[in-house]
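Undergrad: Before we start, here is the structure in question, set down as structure tokens.
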Amino acid sequence: MRKFKSGIIYILSGLKSRRFALSFFAAAVAFLVCWIPSRVKTVKVDYDGETEIVHTAVCDPDEIIDSLGIELEPSDRVTTTGFESGGFFGDYGETFAEIRIKSAVEVEIEADRLRYHVTVAQGDTVADALYASGLEVRSTDYINTSAEKTVEEGETIKVTRVDYIITTEEETIQRGNTYRGTSLLSSGRTVLVSYGKNGTMLKTYEQKIVDGVMEEKVLVSEDIIKKANNDVYIVGDGSAISPLDYGYNISGGVPDSYQQVFTNVRATGYYAPAGAGTATGRLAQVGYVAVDPKVIPYGTKMWIVGHGDSGFVYGYALAADTGGAMLSGKNFVDLYYDTYYECVLNGLRRVDVYILEWG
């Protein structure tokens with residue numbers, strides 16, 4: 001009985017161990033059946049625009065790339081999404097990952113008389129290549145191709161530096177000649193009565209500088225700093241000295257109407273620098289003459305010609321100034337001239353003074 005009983009106990013123990021092993025094996029198989037599909041991911045591999053879909057449980061992007069027989073160059077650019085650092089897939093809920101591979105493209109950039117060799121990725125633009133080079137490209141610079149264009153292997157990108165600068169230059173304004181008719185000289189004679197001066201003009205230019213060389217120069221403005229004064233010549237032609245005009249009809253040197261005439265009186269000439277004033281507050285100018293205001297009131301309009309057949313014609317005049325010689329009675333009228341030389345030519349003359357309108 002004891003042996004039998006012991007045998008029965010042994011048999012029952014064996015049956016229990018086998019059942020446990022079978023149960024454990026079934027559970028393991030069930031676990032694997034459920035777990036393995038959960039670890040299989042869909043990976044999209046994009047290589048320079050060509051794509052391939054891979055279903056794999058491999059978590060290392062490098063292994064996936066190797067499995068596809070892709071040989072990477074050191075300069076190729078690889079980016080991944082859906083993978084965690086360390087080579088594992090992301091959350092268990094993720095079922096998709098992506099590997100993007102852009103092969104390296106070698107380009108050359110010419111700028112500032114230098115050559116730059118730059119490595120960028122397939123599909124990058126000219127702007128990307130310029131950025132990678134570290135070159136500053138300004139809005140005025142010129143690029144030989146569009147910045148948005150995709151670069152090509154071995155392409156040369158040329159950057160032309162363009163600068164615009166403002167410069168100024170002083171330029172001499174050459175004086176010319178001015179000729180005035182006069183009755184101070186005999187007919188046909190010409191005399192230089194005053195020397196002029198050259199003037200100065202400031203010219204502003206905009207220069208276009210291309211790679212350090214001036215390519216274009218455009219005049220922007222001109223400003224006269226100092227006006228030029230012409231040399232003044234007088235030419236004997238019998239013309240009246242004064243530019244004033246009161247509109248009277250003159251026949252044979254005599255106005256057609258007048259209120260009084262002073263004949264064969266003394267006339268001298270005087271000159272004053274530009275801007276000089278007169279006794280009446282007016283600026284001195286040719287045609288304004290000095291008188292004794294007690295004899296000829298200020299503002300009186302006159303016509304003055306040489307006495308007899310001298311041929312001298314001062315012309316219309318206005319009583320606007322006075323002087324010691326007139327007040328003392330030594331002289332009747334003093335005729336104003338633009339230049340000292342004309343005063344000398346006038347000297348002392350005998351003239352007839354026609355009063356046109358009393359002042």
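Chain identifiers are assigned as A, B, and so on, following the order in which chains appear in the structure tokens; residues are numbered from 1 within each chain, and ligands are numbered from 1 in order of appearance.
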Near region 197-214 of chain A, within 10 Å and counting only C-alpha atoms, which residues show up once chain neighbours fewer than 5 positions away are dropped, as an NGL selection string?
TA: :A and (111-113 or 141-142 or 159-176 or 219-231)
Undergrad: Under the rule that only C-alpha atoms are counted, which of A:Leu356, A:Val40, A:Val151, A:Val78 is the nearest residue to Ile109 (chain A)?
TA: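 Nearest candidate to Ile109 (chain A) out of A:Leu356, A:Val40, A:Val151, A:Val78: A:Val151.
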Undergrad: So, with only C-alpha atoms as the atoms that count, which of A:Ala57, A:Leu192, A:Val254, A:Ala127 lies closest to Val232 (chain A)?
TA: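 Once distances to Val232 (chain A) are computed over only C-alpha atoms, the minimum belongs to A:Leu192.
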Undergrad: Taking 3 positions as the minimum chain separation for residues in the same chain, which residues sit within 10 Å of Arg350 (chain A) when counting only C-alpha atoms? Answer as a PyMOL selection string.
TA: chain A and resi 263-268+305-308+310+312+332+353
Undergrad: Taking the chain letters and numbering used in this document, name the residues of region 262-358 of chain A that DSSP puts in strand (DSSP E or B), as an mmCIF file with N, CA and C atoms, in the first residue's frame.
TA:
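Here's the written file out.cif:
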```cif
data_model
loop_
_atom_site.group_PDB
_atom_site.id
_atom_site.type_symbol
_atom_site.label_atom_id
_atom_site.label_comp_id
_atom_site.auth_asym_id
_atom_site.auth_seq_id
_atom_site.Cartn_x
_atom_site.Cartn_y
_atom_site.Cartn_z
ATOM 1 N N PHE A 262 18.624 173.710 -68.176
ATOM 2 C CA PHE A 262 19.832 174.383 -67.722
ATOM 3 C C PHE A 262 20.921 174.038 -68.733
ATOM 4 N N THR A 263 21.422 175.025 -69.463
ATOM 5 C CA THR A 263 22.364 174.754 -70.546
ATOM 6 C C THR A 263 23.781 175.102 -70.143
ATOM 7 N N ASN A 264 24.709 174.318 -70.722
ATOM 8 C CA ASN A 264 26.140 174.551 -70.564
ATOM 9 C C ASN A 264 26.552 174.630 -69.099
ATOM 10 N N VAL A 265 26.053 173.647 -68.309
ATOM 11 C CA VAL A 265 26.425 173.598 -66.894
ATOM 12 C C VAL A 265 27.486 172.520 -66.687
ATOM 13 N N ARG A 266 28.155 172.603 -65.527
ATOM 14 C CA ARG A 266 29.254 171.692 -65.227
ATOM 15 C C ARG A 266 28.716 170.344 -64.733
ATOM 16 N N ALA A 267 29.303 169.254 -65.266
ATOM 17 C CA ALA A 267 28.937 167.894 -64.838
ATOM 18 C C ALA A 267 30.209 167.093 -64.604
ATOM 19 N N THR A 268 30.303 166.504 -63.442
ATOM 20 C CA THR A 268 31.412 165.601 -63.122
ATOM 21 C C THR A 268 30.838 164.183 -62.956
ATOM 22 N N GLY A 269 31.742 163.238 -62.762
ATOM 23 C CA GLY A 269 31.307 161.859 -62.562
ATOM 24 C C GLY A 269 31.775 161.321 -61.218
ATOM 25 N N TYR A 270 30.998 160.440 -60.608
ATOM 26 C CA TYR A 270 31.427 159.817 -59.354
ATOM 27 C C TYR A 270 31.053 158.331 -59.353
ATOM 28 N N TYR A 271 31.756 157.635 -58.461
ATOM 29 C CA TYR A 271 31.596 156.171 -58.379
ATOM 30 C C TYR A 271 31.578 155.779 -56.904
ATOM 31 N N GLY A 277 24.772 153.824 -50.441
ATOM 32 C CA GLY A 277 23.494 154.519 -50.435
ATOM 33 C C GLY A 277 23.626 155.949 -50.935
ATOM 34 N N LEU A 283 19.667 153.037 -53.016
ATOM 35 C CA LEU A 283 20.992 152.526 -53.363
ATOM 36 C C LEU A 283 21.493 153.234 -54.603
ATOM 37 N N TYR A 288 20.998 157.624 -61.246
ATOM 38 C CA TYR A 288 20.774 158.462 -60.070
ATOM 39 C C TYR A 288 21.939 159.462 -60.001
ATOM 40 N N VAL A 289 21.607 160.756 -59.899
ATOM 41 C CA VAL A 289 22.662 161.775 -59.937
ATOM 42 C C VAL A 289 22.568 162.663 -58.705
ATOM 43 N N ALA A 290 23.696 163.314 -58.389
ATOM 44 C CA ALA A 290 23.777 164.216 -57.238
ATOM 45 C C ALA A 290 23.545 165.658 -57.689
ATOM 46 N N LYS A 301 12.854 164.356 -62.306
ATOM 47 C CA LYS A 301 13.235 163.551 -63.457
ATOM 48 C C LYS A 301 13.843 164.452 -64.521
ATOM 49 N N MET A 302 14.966 163.992 -65.106
ATOM 50 C CA MET A 302 15.733 164.840 -66.037
ATOM 51 C C MET A 302 16.172 164.042 -67.258
ATOM 52 N N TRP A 303 16.594 164.817 -68.274
ATOM 53 C CA TRP A 303 17.283 164.276 -69.456
ATOM 54 C C TRP A 303 18.578 165.063 -69.589
ATOM 55 N N ILE A 304 19.744 164.372 -69.623
ATOM 56 C CA ILE A 304 21.038 165.044 -69.615
ATOM 57 C C ILE A 304 21.830 164.624 -70.846
ATOM 58 N N VAL A 305 22.286 165.649 -71.622
ATOM 59 C CA VAL A 305 23.115 165.396 -72.813
ATOM 60 C C VAL A 305 24.274 166.388 -72.828
ATOM 61 N N GLY A 306 25.325 166.061 -73.572
ATOM 62 C CA GLY A 306 26.457 166.950 -73.697
ATOM 63 C C GLY A 306 26.071 168.251 -74.409
ATOM 64 N N VAL A 313 25.842 161.478 -74.253
ATOM 65 C CA VAL A 313 24.457 161.309 -73.809
ATOM 66 C C VAL A 313 24.458 160.512 -72.502
ATOM 67 N N TYR A 314 24.128 161.198 -71.383
ATOM 68 C CA TYR A 314 23.955 160.442 -70.132
ATOM 69 C C TYR A 314 22.579 159.807 -70.113
ATOM 70 N N GLY A 315 21.576 160.501 -70.646
ATOM 71 C CA GLY A 315 20.236 159.945 -70.745
ATOM 72 C C GLY A 315 19.336 160.386 -69.602
ATOM 73 N N TYR A 316 18.326 159.573 -69.321
ATOM 74 C CA TYR A 316 17.380 159.892 -68.250
ATOM 75 C C TYR A 316 18.081 159.811 -66.901
ATOM 76 N N ALA A 317 17.692 160.736 -65.987
ATOM 77 C CA ALA A 317 18.323 160.762 -64.660
ATOM 78 C C ALA A 317 17.287 161.144 -63.615
ATOM 79 N N LEU A 318 17.596 160.763 -62.358
ATOM 80 C CA LEU A 318 16.738 161.066 -61.225
ATOM 81 C C LEU A 318 17.585 161.742 -60.158
ATOM 82 N N ALA A 319 17.118 162.881 -59.649
ATOM 83 C CA ALA A 319 17.825 163.584 -58.575
ATOM 84 C C ALA A 319 17.659 162.777 -57.290
ATOM 85 N N ALA A 320 18.745 162.137 -56.837
ATOM 86 C CA ALA A 320 18.647 161.228 -55.694
ATOM 87 C C ALA A 320 19.756 161.409 -54.682
ATOM 88 N N ASP A 321 20.748 162.268 -54.955
ATOM 89 C CA ASP A 321 21.891 162.384 -54.058
ATOM 90 C C ASP A 321 22.393 163.819 -54.100
ATOM 91 N N VAL A 333 25.871 169.237 -61.438
ATOM 92 C CA VAL A 333 25.367 167.863 -61.341
ATOM 93 C C VAL A 333 26.547 166.894 -61.338
ATOM 94 N N ASP A 334 26.415 165.833 -60.545
ATOM 95 C CA ASP A 334 27.438 164.772 -60.467
ATOM 96 C C ASP A 334 26.793 163.474 -60.956
ATOM 97 N N LEU A 335 27.362 162.898 -62.019
ATOM 98 C CA LEU A 335 26.758 161.739 -62.694
ATOM 99 C C LEU A 335 27.363 160.439 -62.155
ATOM 100 N N TYR A 336 26.489 159.504 -61.761
ATOM 101 C CA TYR A 336 26.966 158.235 -61.168
ATOM 102 C C TYR A 336 27.325 157.237 -62.272
ATOM 103 N N TYR A 337 28.478 156.521 -62.035
ATOM 104 C CA TYR A 337 28.934 155.466 -62.951
ATOM 105 C C TYR A 337 29.196 154.173 -62.176
ATOM 106 N N ARG A 349 32.619 167.844 -67.743
ATOM 107 C CA ARG A 349 31.938 168.054 -69.026
ATOM 108 C C ARG A 349 30.931 169.192 -68.880
ATOM 109 N N ARG A 350 30.652 169.763 -70.024
ATOM 110 C CA ARG A 350 29.592 170.766 -70.099
ATOM 111 C C ARG A 350 28.362 170.072 -70.673
ATOM 112 N N VAL A 351 27.254 170.167 -69.950
ATOM 113 C CA VAL A 351 26.046 169.450 -70.357
ATOM 114 C C VAL A 351 24.835 170.376 -70.332
ATOM 115 N N ASP A 352 23.778 169.883 -70.969
ATOM 116 C CA ASP A 352 22.463 170.527 -70.884
ATOM 117 C C ASP A 352 21.550 169.621 -70.065
ATOM 118 N N VAL A 353 20.875 170.175 -69.068
ATOM 119 C CA VAL A 353 19.989 169.406 -68.197
ATOM 120 C C VAL A 353 18.552 169.838 -68.442
ATOM 121 N N TYR A 354 17.748 168.918 -68.964
ATOM 122 C CA TYR A 354 16.334 169.188 -69.235
ATOM 123 C C TYR A 354 15.504 168.637 -68.073
ATOM 124 N N ILE A 355 14.713 169.519 -67.464
ATOM 125 C CA ILE A 355 13.830 169.098 -66.386
ATOM 126 C C ILE A 355 12.544 168.564 -66.991
ATOM 127 N N LEU A 356 12.297 167.285 -66.806
ATOM 128 C CA LEU A 356 11.095 166.643 -67.364
ATOM 129 C C LEU A 356 9.930 166.760 -66.362
ATOM 130 N N GLU A 357 10.203 166.456 -65.105
ATOM 131 C CA GLU A 357 9.169 166.545 -64.063
ATOM 132 C C GLU A 357 9.866 166.962 -62.769
#
```
Undergrad: Taking into account only C-alpha atoms, which residue in the set A:Thr42, A:Thr81, A:Ser194, A:Thr56 is nearest to Asp338 (chain A)?
TA: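 Closest residue, counting only C-alpha atoms: A:Ser194.
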Undergrad: Using the chain letters and numbers from this document, which residues of region 118-338 of chain A does DSSP assign to helix (DSSP H, G or I), as a list of chain:residue names?
TA: A:Val126, A:Ala127, A:Asp128, A:Ala129, A:Leu130, A:Tyr131, A:Ala132, A:Ser133, A:Gly324, A:Ala325, A:Met326, A:Leu327
Undergrad: Write a file of the just-selected residues containing N, CA, C and O atoms, as a JSON list (two decimals), in the first residue's frame.
TA:
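Dumped to part_3.json:
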```json
[["chain", "number", "residue", "atom", "x", "y", "z"],
["A", 126, "VAL", "N", 19.78, 78.89, -53.06],
["A", 126, "VAL", "CA", 20.93, 79.80, -53.11],
["A", 126, "VAL", "C", 21.01, 80.60, -51.82],
["A", 126, "VAL", "O", 22.09, 80.81, -51.27],
["A", 127, "ALA", "N", 19.87, 81.03, -51.31],
["A", 127, "ALA", "CA", 19.85, 81.78, -50.05],
["A", 127, "ALA", "C", 20.40, 80.93, -48.91],
["A", 127, "ALA", "O", 21.13, 81.43, -48.04],
["A", 128, "ASP", "N", 20.08, 79.63, -48.90],
["A", 128, "ASP", "CA", 20.61, 78.73, -47.87],
["A", 128, "ASP", "C", 22.13, 78.63, -47.96],
["A", 128, "ASP", "O", 22.83, 78.61, -46.94],
["A", 129, "ALA", "N", 22.63, 78.55, -49.19],
["A", 129, "ALA", "CA", 24.08, 78.45, -49.39],
["A", 129, "ALA", "C", 24.79, 79.71, -48.93],
["A", 129, "ALA", "O", 25.84, 79.65, -48.30],
["A", 130, "LEU", "N", 24.20, 80.86, -49.23],
["A", 130, "LEU", "CA", 24.80, 82.13, -48.80],
["A", 130, "LEU", "C", 24.80, 82.23, -47.28],
["A", 130, "LEU", "O", 25.76, 82.69, -46.67],
["A", 131, "TYR", "N", 23.71, 81.79, -46.67],
["A", 131, "TYR", "CA", 23.63, 81.81, -45.20],
["A", 131, "TYR", "C", 24.68, 80.89, -44.60],
["A", 131, "TYR", "O", 25.34, 81.24, -43.61],
["A", 132, "ALA", "N", 24.85, 79.72, -45.20],
["A", 132, "ALA", "CA", 25.83, 78.76, -44.69],
["A", 132, "ALA", "C", 27.25, 79.29, -44.81],
["A", 132, "ALA", "O", 28.12, 78.96, -44.00],
["A", 133, "SER", "N", 27.49, 80.15, -45.80],
["A", 133, "SER", "CA", 28.84, 80.70, -46.00],
["A", 133, "SER", "C", 29.18, 81.78, -44.99],
["A", 133, "SER", "O", 30.35, 82.10, -44.78],
["A", 324, "GLY", "N", 29.22, 167.95, -51.74],
["A", 324, "GLY", "CA", 29.76, 169.25, -51.37],
["A", 324, "GLY", "C", 29.92, 170.19, -52.55],
["A", 324, "GLY", "O", 29.65, 171.39, -52.44],
["A", 325, "ALA", "N", 30.37, 169.67, -53.69],
["A", 325, "ALA", "CA", 30.59, 170.52, -54.87],
["A", 325, "ALA", "C", 29.28, 171.11, -55.36],
["A", 325, "ALA", "O", 29.24, 172.26, -55.83],
["A", 326, "MET", "N", 28.18, 170.34, -55.26],
["A", 326, "MET", "CA", 26.88, 170.85, -55.69],
["A", 326, "MET", "C", 26.34, 171.88, -54.70],
["A", 326, "MET", "O", 25.81, 172.93, -55.06],
["A", 327, "LEU", "N", 26.51, 171.60, -53.41],
["A", 327, "LEU", "CA", 26.00, 172.52, -52.39],
["A", 327, "LEU", "C", 26.76, 173.85, -52.40],
["A", 327, "LEU", "O", 26.20, 174.89, -52.05]]
```
Undergrad: What is the distance between CA of Ser75 (chain A) and CA of Ser103 (chain A), in Å to one decimal?
TA: 7.3 Å
